[in-house]
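Worksheet for the structure shown next.
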Amino acid sequence: MDVVEEDVLGEVTTAFRSRRTRSVAWRKAQLQAILKLLDENEEEIFEALRQDLGKHPVESYRDEVGVVRKSATNALRCVEKWMAPQKSVISSAALALDPVIGAISAGNAIVLKPSELAPKCSSVLANTIPRYLDPEAIKVVEGGHDVSEQLLQLKWDKIFFTGSPRVGRLIMSAAAKHLTPVTLELGGKCPTILDRLSNFSDLQYGVGFKVAVKRIVGGKWGPCNGQACIGIDYVLVETQFAPVLIELLEKSIKTFYGENLKTLANLARIVNKHHFDRVHNLLKDPKVAASVVYGGSVDEENMAIEPTILLNPPLDADIMNEEIFGPLLPIITLKNIEESIPFINSRPKPLAIYAFTKNDSLKEKILQETSSGSLTFNDAMIQFLCDTLPFGGVGQSGYGRYHGKFTFDTFSHEKAVLHRSFLVELESRYPPWNDFKMEFVRLAYNYDYLGMILLLLGLRGLFRTNRRQ
Amino acid sequence: MDAEAIVKELRGTYGSGKTKSYEWRVSQLKALLKIAENHEKEITDALYSDLSKPELEAFIHEVSMMKTACKLALKELKWWMKPEKVKTSLTSFPSSAEIVPEPLGVVLVISAWNYPFLLSLDPVIGAIAAGNAVVLKPSEIAPATSSVLAKLLGQYMDVSAIRVVEGAVPETTALLEQKWDKIFYTGNGKVGRIVLAAAAKHLTPVVLELGGKSPVVVDSNIDYKIAVRRIIAGKWGCNNGQACISPDYIITTKESVPKLLDAMKQELEKFYGKDPLKSGDLSRIVNANHFQRLSKLLDDNKVVDKVVHGGQRDENNLKISPTILLDVPEDSLIMKEEIFGPLLPIITVNKVEDSIQFIKAREKPLAAYLFTSNKKLEEEFVMNISAGGLLINDTTLQVALSTLPFGGVGESGMGSCHGKFSFDTFSHKKAVLRRSFAGDVPARYPPYTAGKARFLKALLNGDIIGLIRALIGW
């Protein structure tokens, strides 16, 4: 195995050294190959995602294939613009391919290690990528954590990792040995702040509230049944609105996914036994179990967990301290929605915060006083689709960023280049140092051009004021 | 020193939101500027005591560079802090998007001894401008400057948010055990690895400003006198070679050597006199350890007969004269580690183009210099050499431009600073997307149907006609 890994790095390094990966033509050819790969293997990818995660094709397209297509198309259109030196500066499936697109656009050779937890997707990538892309410069290595560990022993010029903070720490420690810069795309407990949205005394609840709840359902169970790093983790709401919220959530869940766990459609399953047990264990805590207000049933055989709503589970329970990454949605009630700010600030910085509110001063407060990778007002998840916004965490949710041009930048070094001519040679740059040179340099740094001229003409003494006492 | 207590206190200050305001940032930057203006003599004296740094060098390279950085930050800060509006896509229509810079929190700056004033305060300026609370740990190897910094910052700055912690390895270790929101380290790769490993425990992002062997390629078709003067200014005129961007070695062709050497000897004598050990215009070696290290490089059997100029040493005063070595073997010690001192080896190649291969076969340096009037070679050099920064026909000046990022790549470090780049280094760019409750598209939500699939495909592909067709169910 060791030998295989060494070869992998050796081959891609040779390809990179050949400078072939630097040309625009190579970069474009590889990006086109990715598009072709998607076109010709769409069904296979859908099938792999269905087998690994029980994802519905529409969800697969929306969150994976479509996103990659868009990203590749955008890169293809912009790669030359991105490559052009600036005036003073020269320069799962979606989660796996999106960084690859940026790395190609920036002219790197790449080794991709897909997650072994989604084996079907991993093997689709391993089978298709070498057929479409330059196999000498872009390689897929499949395997579990022993393979990852071996890969991490090698010296890379950049490591891009998507996953958990625990593995993120291992990656950073390994990278430290070779001084390799790292981008960490982690997760965290992404909170949703749900404000009143309408005058409560006029109406039972406003139109905004209904739309908000729909978007919350979409942001919780929509993306891979809660198994997404920017999926909603929990909701903060004022106590008086909790009953309405629960009622509307139930309604939406029933319309979107149906009622019977056995026949739930349109909902991804839990990725594997390990994660099924992990999520299931969160529910087993008796105090947590007592807080379930909707759902809660599990189907161990099919590794399915029903969309589950919990009201005020204890804050010291695991469910409120670990990233849930599954279909459980705790609702935490507050007296006043403004309390959500200290609530969020007393926990690690999340990858995303969602806030549903029409109150501009609350918006401003959230914007100024909380910190997160991204902040979205009145929607969930959709920031992921916005190429002009950087995608990446802060603090516990990671660092470094990608999407669109940011992915290109992540995989580039911006080299400072300064051109000089042999003209304009100032004597005062060089030793031996004397008072004249000191004075000249001092004036130059203060942009005192008149003083400089007077000094050069030997007249400065006449106008000089005593500078230093 | 209780590192934990200091961080706790600074976190409290940061949590209060005080450091985020524009007014606070400005007041602290102004205080820094005042330190440089009111205490110039004290600072240059400390630098003289630590390094025998000539006053003019201390002024140009440290005090005024720091003042320039401060003034730039004061002038541009409002602009830097402004959220940047970005375009939104059809997919999230209707919406507005912006990128909002926000401070990271409590940051640690660990600086180096060779430019102990500038390298301490330049990152601190960036950290303050971005609205962070900062702990500065100056280098214990330049003790006079370290204590001046501790005294003056304590006197002028808001100590509830900006602290200087003096000390050596135990203090640094204690600091590194704490959780920071960013660590900015200037120094060498060995310690850089320790800093990174410590940061890994807390997932803290790190900037490493390291060094490396920065080469100078000298072509034959140039004005030797000017080239040589510029090389000397970058090598011996920068803290006697103890600078991370100083030229480390020269690569030139065999024919160029005699002319280059002649010019070197002539200009060196003009600058530093017949006995450079007595010159007041050369910094000394920082301490006995480094003196020993450099002596070892010179006493290496493989290079003892290669010295063609200089070589004098005065151990008592820690002085080494500008020393040039010709044709040192590639496996000699001096070609294996960063020299960081007044020794300059010259490597000869058959044709000047071979120098590119020579540089590429080694670790990526912080800087690479080329003297030529051949445009084609210049182009080749820029496209092929990966280094933190490149400078054509001069040395070290790239750091004086605040519009250029300063920072290494590969073995020479990661992350960048100077001007706006420093501000960015200490900021988190938060993605903010604003939506209204209008424009809710049912296709986003299950139950999923074939029509919704078509709609989404069209949407993500930006296919307007497909979109309309899907909407009207055609």
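By order in the structure tokens, chains are A, B, ...; within a chain, residues start at 1; ligands start at 1, following the order shown.
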
With a distance cut-off of 10 Å and only C-alpha atoms, select the neighbouring residues of A:Ala290, excluding the residue or stretch itself and same-chain residues fewer than 6 positions from it, and output the selection as a short mmCIF file (atom, residue, chain, number, x, y, z; two decimals) with N, CA and C atoms, in the first residue's frame.
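Wrote part.cif, looks like this:
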data_model
loop_
_atom_site.label_atom_id
_atom_site.label_comp_id
_atom_site.auth_asym_id
_atom_site.auth_seq_id
_atom_site.Cartn_x
_atom_site.Cartn_y
_atom_site.Cartn_z
N LEU A 283 -31.26 10.51 20.94
CA LEU A 283 -32.68 10.45 21.33
C LEU A 283 -32.91 9.61 22.58
N LYS A 284 -31.91 8.74 22.90
CA LYS A 284 -32.14 7.78 23.99
C LYS A 284 -32.08 8.39 25.38
N LEU A 310 -38.17 18.35 18.78
CA LEU A 310 -38.05 18.31 20.24
C LEU A 310 -38.25 19.71 20.79
N LEU A 311 -38.96 19.81 21.89
CA LEU A 311 -39.17 21.12 22.49
C LEU A 311 -38.37 21.23 23.77
N ASN A 312 -37.46 22.19 23.79
CA ASN A 312 -36.61 22.45 24.95
C ASN A 312 -35.95 21.22 25.56
N PRO A 313 -35.19 20.46 24.76
CA PRO A 313 -34.39 19.40 25.37
C PRO A 313 -33.38 20.06 26.30
#

Contact residues around B:Asp275 with only C-alpha atoms at 10 Å, ignoring same-chain residues under 6 positions, as a tab-separated table (two decimals) with all heavy atoms, in the first residue's frame:
chain	number	residue	atom	x	y	z
B	269	GLU	N	33.92	48.39	-0.63
B	269	GLU	CA	34.90	49.24	0.03
B	269	GLU	C	34.39	50.67	0.14
B	269	GLU	O	34.57	51.34	1.16
B	269	GLU	CB	36.22	49.20	-0.74
B	269	GLU	CG	37.36	49.78	0.09
B	269	GLU	CD	38.70	49.73	-0.63
B	269	GLU	OE1	38.98	48.69	-1.26
B	269	GLU	OE2	39.43	50.74	-0.59
B	310	GLY	N	36.62	39.14	1.94
B	310	GLY	CA	36.20	39.24	3.34
B	310	GLY	C	36.63	38.03	4.15
B	310	GLY	O	37.70	37.48	3.94
B	312	GLN	N	36.80	38.12	7.52
B	312	GLN	CA	37.29	38.52	8.84
B	312	GLN	C	36.19	38.38	9.89
B	312	GLN	O	35.02	38.64	9.61
B	312	GLN	CB	37.77	39.99	8.85
B	312	GLN	CG	38.92	40.28	7.94
B	312	GLN	CD	38.45	40.71	6.55
B	312	GLN	OE1	37.33	40.40	6.14
B	312	GLN	NE2	39.29	41.40	5.83
B	321	SER	N	32.72	40.36	8.67
B	321	SER	CA	32.75	41.30	7.55
B	321	SER	C	32.00	40.70	6.35
B	321	SER	O	31.82	39.49	6.26
B	321	SER	CB	34.18	41.63	7.18
B	321	SER	OG	34.78	40.50	6.60

Any idea what's packed within 9 Å of B:Thr19, counting only C-alpha atoms, ignoring anything in its chain fewer than 6 positions away? Could you give it as a list in words?
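Using only C-alpha atoms, the neighbours found are Thr13, Arg25, Pro103, Ile128, Ala130, Gly131, Asn132, Ala133 and Ala161 of chain B.
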
Output the selection as a compact mmCIF listing (two decimals), in the first residue's frame - C-alpha atoms for each residue.
# COMPACT_ATOMS: atom_id res chain seq x y z
CA THR B 13 -12.90 42.91 26.46
CA ARG B 25 -9.47 51.08 16.17
CA PRO B 103 -12.79 40.67 13.57
CA ILE B 128 -6.09 46.34 15.55
CA ALA B 130 -9.44 44.54 11.87
CA GLY B 131 -10.86 45.06 15.39
CA ASN B 132 -9.19 42.25 17.34
CA ALA B 133 -7.76 42.05 20.83
CA ALA B 161 -7.33 44.66 24.76

List as a list in words the protein and nucleic acid residues near A:Ser421, meaning an atom at most 9 Å away when only C-alpha atoms are counted, but skip any in the same chain fewer than 6 places from it.
Ser373, Ile392, Asn393 and Asp394 of chain B

Pull the closest atom pair for each residue of chain B that gets at most 7 Å from chain A, along with the distance in Å to one decimal, counting only C-alpha atoms, ordering rows by chain and then ascending residue number, as CSV.
residue,atom,partner,partner_atom,distance
B:Leu56,CA,A:Met438,CA,5.7
B:Ser64,CA,A:Tyr445,CA,6.8
B:Val86,CA,A:Thr388,CA,6.0
B:Lys87,CA,A:Thr388,CA,6.2
B:Thr88,CA,A:Cys386,CA,6.2
B:Ser89,CA,A:Cys386,CA,6.1
B:Ser92,CA,A:Ile382,CA,6.4
B:Ile99,CA,A:Leu389,CA,6.8
B:Asp181,CA,A:Gly395,CA,6.6
B:Arg193,CA,A:Ala176,CA,5.2
B:Leu196,CA,A:Ala176,CA,5.3
B:Ala197,CA,A:Ser173,CA,5.0
B:Ala200,CA,A:Arg169,CA,5.1
B:Lys201,CA,A:Arg169,CA,5.9
B:Leu203,CA,A:Arg169,CA,6.1
B:Thr204,CA,A:Gly395,CA,6.9
B:Pro205,CA,A:Tyr399,CA,6.7
B:Ile226,CA,A:Phe422,CA,6.8
B:Ala233,CA,A:Tyr430,CA,6.2
B:Phe271,CA,A:Pro432,CA,5.0
B:Tyr272,CA,A:Pro432,CA,6.3
B:Asp281,CA,A:Pro432,CA,6.1
B:Ala387,CA,A:Lys415,CA,6.8
B:Gly388,CA,A:Lys415,CA,5.7
B:Gly389,CA,A:Ala416,CA,4.3
B:Leu390,CA,A:Val417,CA,4.6
B:Leu391,CA,A:Leu418,CA,4.7
B:Ile392,CA,A:His419,CA,4.7
B:Asn393,CA,A:Arg420,CA,5.3
B:Asp394,CA,A:Arg420,CA,6.4
B:Gln398,CA,A:Leu418,CA,6.1
B:Thr403,CA,A:Ser88,CA,6.7
B:Leu404,CA,A:Ala416,CA,5.5
B:Pro405,CA,A:Ala416,CA,6.0
B:Val409,CA,A:His413,CA,7.0
B:Gly410,CA,A:Asp157,CA,6.6
B:Glu411,CA,A:Leu179,CA,6.5
B:Met414,CA,A:Pro181,CA,6.5
B:His428,CA,A:Val394,CA,6.9
B:Lys430,CA,A:Ser374,CA,5.2
B:Ala431,CA,A:Ser374,CA,4.4
B:Val432,CA,A:Leu375,CA,4.7
B:Leu433,CA,A:Thr376,CA,4.6
B:Arg434,CA,A:Phe377,CA,4.6
B:Arg435,CA,A:Asn378,CA,5.3
B:Ser436,CA,A:Asn378,CA,6.0
B:Phe437,CA,A:Gly208,CA,5.8
B:Tyr445,CA,A:Gly218,CA,6.2
B:Pro446,CA,A:Phe256,CA,4.8
B:Pro447,CA,A:Phe256,CA,5.0
B:Tyr448,CA,A:Val58,CA,6.3
B:Ala453,CA,A:Val58,CA,5.3
B:Leu456,CA,A:Arg62,CA,6.5
B:Lys457,CA,A:Gly66,CA,6.7
B:Leu460,CA,A:Gly66,CA,5.9
B:Asn461,CA,A:Lys70,CA,6.1

So, counting only C-alpha atoms, which residue among A:Ile341, A:Val288, A:Ile159, A:Val271 is closest to A:Ala103?
A:Ile159

Report the distance between atom CA of A:Leu194 and atom CA of A:Val237 in Å, rounded to one decimal place.
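Distance reported for this atom pair: 5.2 Å.
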
Which neighbours of stretch 30-33 of chain A fall inside 7 Å, counting only C-alpha atoms, when residues of the same chain fewer than 3 positions from it are skipped, and could you give them as a list in words?
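Using only C-alpha atoms, the neighbours found are Trp26, Arg27, Lys36, Leu37, Ala72, Leu76, Ile101, Tyr132, Leu133 and Asp134 of chain A.
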
Residues as selected, all heavy atoms, written as an mmCIF file, in the first residue's frame, can you do that?
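Writing done, so here's result02.cif:
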data_model
loop_
_atom_site.group_PDB
_atom_site.id
_atom_site.type_symbol
_atom_site.label_atom_id
_atom_site.label_comp_id
_atom_site.auth_asym_id
_atom_site.auth_seq_id
_atom_site.Cartn_x
_atom_site.Cartn_y
_atom_site.Cartn_z
ATOM 1 N N TRP A 26 -5.162 23.212 -20.893
ATOM 2 C CA TRP A 26 -5.297 22.034 -20.024
ATOM 3 C C TRP A 26 -6.432 22.240 -19.029
ATOM 4 O O TRP A 26 -7.280 21.399 -18.830
ATOM 5 C CB TRP A 26 -3.977 21.766 -19.292
ATOM 6 C CG TRP A 26 -4.024 20.518 -18.448
ATOM 7 C CD1 TRP A 26 -3.728 19.246 -18.846
ATOM 8 C CD2 TRP A 26 -4.403 20.422 -17.061
ATOM 9 N NE1 TRP A 26 -3.897 18.375 -17.794
ATOM 10 C CE2 TRP A 26 -4.316 19.058 -16.689
ATOM 11 C CE3 TRP A 26 -4.817 21.351 -16.097
ATOM 12 C CZ2 TRP A 26 -4.600 18.609 -15.405
ATOM 13 C CZ3 TRP A 26 -5.119 20.903 -14.810
ATOM 14 C CH2 TRP A 26 -5.006 19.542 -14.472
ATOM 15 N N ARG A 27 -6.424 23.415 -18.425
ATOM 16 C CA ARG A 27 -7.449 23.682 -17.412
ATOM 17 C C ARG A 27 -8.843 23.585 -18.026
ATOM 18 O O ARG A 27 -9.756 22.983 -17.475
ATOM 19 C CB ARG A 27 -7.250 25.077 -16.807
ATOM 20 C CG ARG A 27 -5.870 25.254 -16.179
ATOM 21 C CD ARG A 27 -5.718 26.588 -15.484
ATOM 22 N NE ARG A 27 -4.307 26.919 -15.289
ATOM 23 C CZ ARG A 27 -3.874 27.866 -14.462
ATOM 24 N NH1 ARG A 27 -4.712 28.577 -13.767
ATOM 25 N NH2 ARG A 27 -2.581 28.120 -14.341
ATOM 26 N N LYS A 36 -18.652 16.748 -19.150
ATOM 27 C CA LYS A 36 -18.995 15.577 -19.953
ATOM 28 C C LYS A 36 -19.261 14.391 -19.014
ATOM 29 O O LYS A 36 -20.222 13.640 -19.199
ATOM 30 C CB LYS A 36 -17.825 15.266 -20.896
ATOM 31 C CG LYS A 36 -18.158 14.296 -21.961
ATOM 32 C CD LYS A 36 -17.196 14.419 -23.162
ATOM 33 C CE LYS A 36 -17.391 13.239 -24.092
ATOM 34 N NZ LYS A 36 -16.176 12.438 -24.246
ATOM 35 N N LEU A 37 -18.416 14.274 -18.022
ATOM 36 C CA LEU A 37 -18.582 13.201 -17.040
ATOM 37 C C LEU A 37 -19.971 13.266 -16.408
ATOM 38 O O LEU A 37 -20.668 12.268 -16.267
ATOM 39 C CB LEU A 37 -17.497 13.344 -15.974
ATOM 40 C CG LEU A 37 -17.369 12.334 -14.840
ATOM 41 C CD1 LEU A 37 -15.943 12.384 -14.300
ATOM 42 C CD2 LEU A 37 -18.345 12.536 -13.719
ATOM 43 N N ALA A 72 -18.633 24.232 -12.576
ATOM 44 C CA ALA A 72 -17.703 23.950 -13.673
ATOM 45 C C ALA A 72 -17.941 24.911 -14.834
ATOM 46 O O ALA A 72 -17.000 25.418 -15.449
ATOM 47 C CB ALA A 72 -17.865 22.498 -14.133
ATOM 48 N N LEU A 76 -15.263 27.489 -16.218
ATOM 49 C CA LEU A 76 -14.869 27.423 -17.619
ATOM 50 C C LEU A 76 -14.956 28.805 -18.257
ATOM 51 O O LEU A 76 -14.100 29.226 -19.024
ATOM 52 C CB LEU A 76 -15.818 26.448 -18.332
ATOM 53 C CG LEU A 76 -15.386 25.857 -19.657
ATOM 54 C CD1 LEU A 76 -14.021 25.210 -19.539
ATOM 55 C CD2 LEU A 76 -16.410 24.810 -20.096
ATOM 56 N N ILE A 101 -12.724 21.310 -9.095
ATOM 57 C CA ILE A 101 -12.883 22.302 -10.163
ATOM 58 C C ILE A 101 -11.982 23.508 -9.897
ATOM 59 O O ILE A 101 -11.278 23.975 -10.790
ATOM 60 C CB ILE A 101 -14.368 22.738 -10.265
ATOM 61 C CG1 ILE A 101 -15.179 21.575 -10.844
ATOM 62 C CG2 ILE A 101 -14.520 23.985 -11.123
ATOM 63 C CD1 ILE A 101 -16.666 21.753 -10.714
ATOM 64 N N TYR A 132 -12.358 10.386 -17.891
ATOM 65 C CA TYR A 132 -12.661 11.679 -18.508
ATOM 66 C C TYR A 132 -11.537 12.700 -18.345
ATOM 67 O O TYR A 132 -11.297 13.512 -19.214
ATOM 68 C CB TYR A 132 -13.951 12.253 -17.919
ATOM 69 C CG TYR A 132 -15.183 11.524 -18.378
ATOM 70 C CD1 TYR A 132 -15.604 10.361 -17.751
ATOM 71 C CD2 TYR A 132 -15.905 11.976 -19.479
ATOM 72 C CE1 TYR A 132 -16.713 9.672 -18.189
ATOM 73 C CE2 TYR A 132 -17.029 11.305 -19.921
ATOM 74 C CZ TYR A 132 -17.430 10.140 -19.270
ATOM 75 O OH TYR A 132 -18.539 9.476 -19.716
ATOM 76 N N LEU A 133 -10.873 12.660 -17.204
ATOM 77 C CA LEU A 133 -9.876 13.695 -16.925
ATOM 78 C C LEU A 133 -8.463 13.152 -17.122
ATOM 79 O O LEU A 133 -8.270 11.945 -17.175
ATOM 80 C CB LEU A 133 -10.056 14.213 -15.492
ATOM 81 C CG LEU A 133 -11.151 15.283 -15.343
ATOM 82 C CD1 LEU A 133 -12.523 14.692 -15.573
ATOM 83 C CD2 LEU A 133 -11.106 15.905 -13.966
ATOM 84 N N ASP A 134 -7.511 14.055 -17.215
ATOM 85 C CA ASP A 134 -6.112 13.687 -17.402
ATOM 86 C C ASP A 134 -5.661 12.791 -16.233
ATOM 87 O O ASP A 134 -5.473 13.266 -15.117
ATOM 88 C CB ASP A 134 -5.283 14.983 -17.430
ATOM 89 C CG ASP A 134 -3.796 14.714 -17.556
ATOM 90 O OD1 ASP A 134 -3.385 13.545 -17.374
ATOM 91 O OD2 ASP A 134 -3.060 15.671 -17.841
#

Give me, please, the distance in Å between atom CA of A:Arg20 and atom CA of A:Phe408, quoted to one decimal.
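Taking atom CA of A:Arg20 as the start and atom CA of A:Phe408 as the end point, the length is 17.5 Å.
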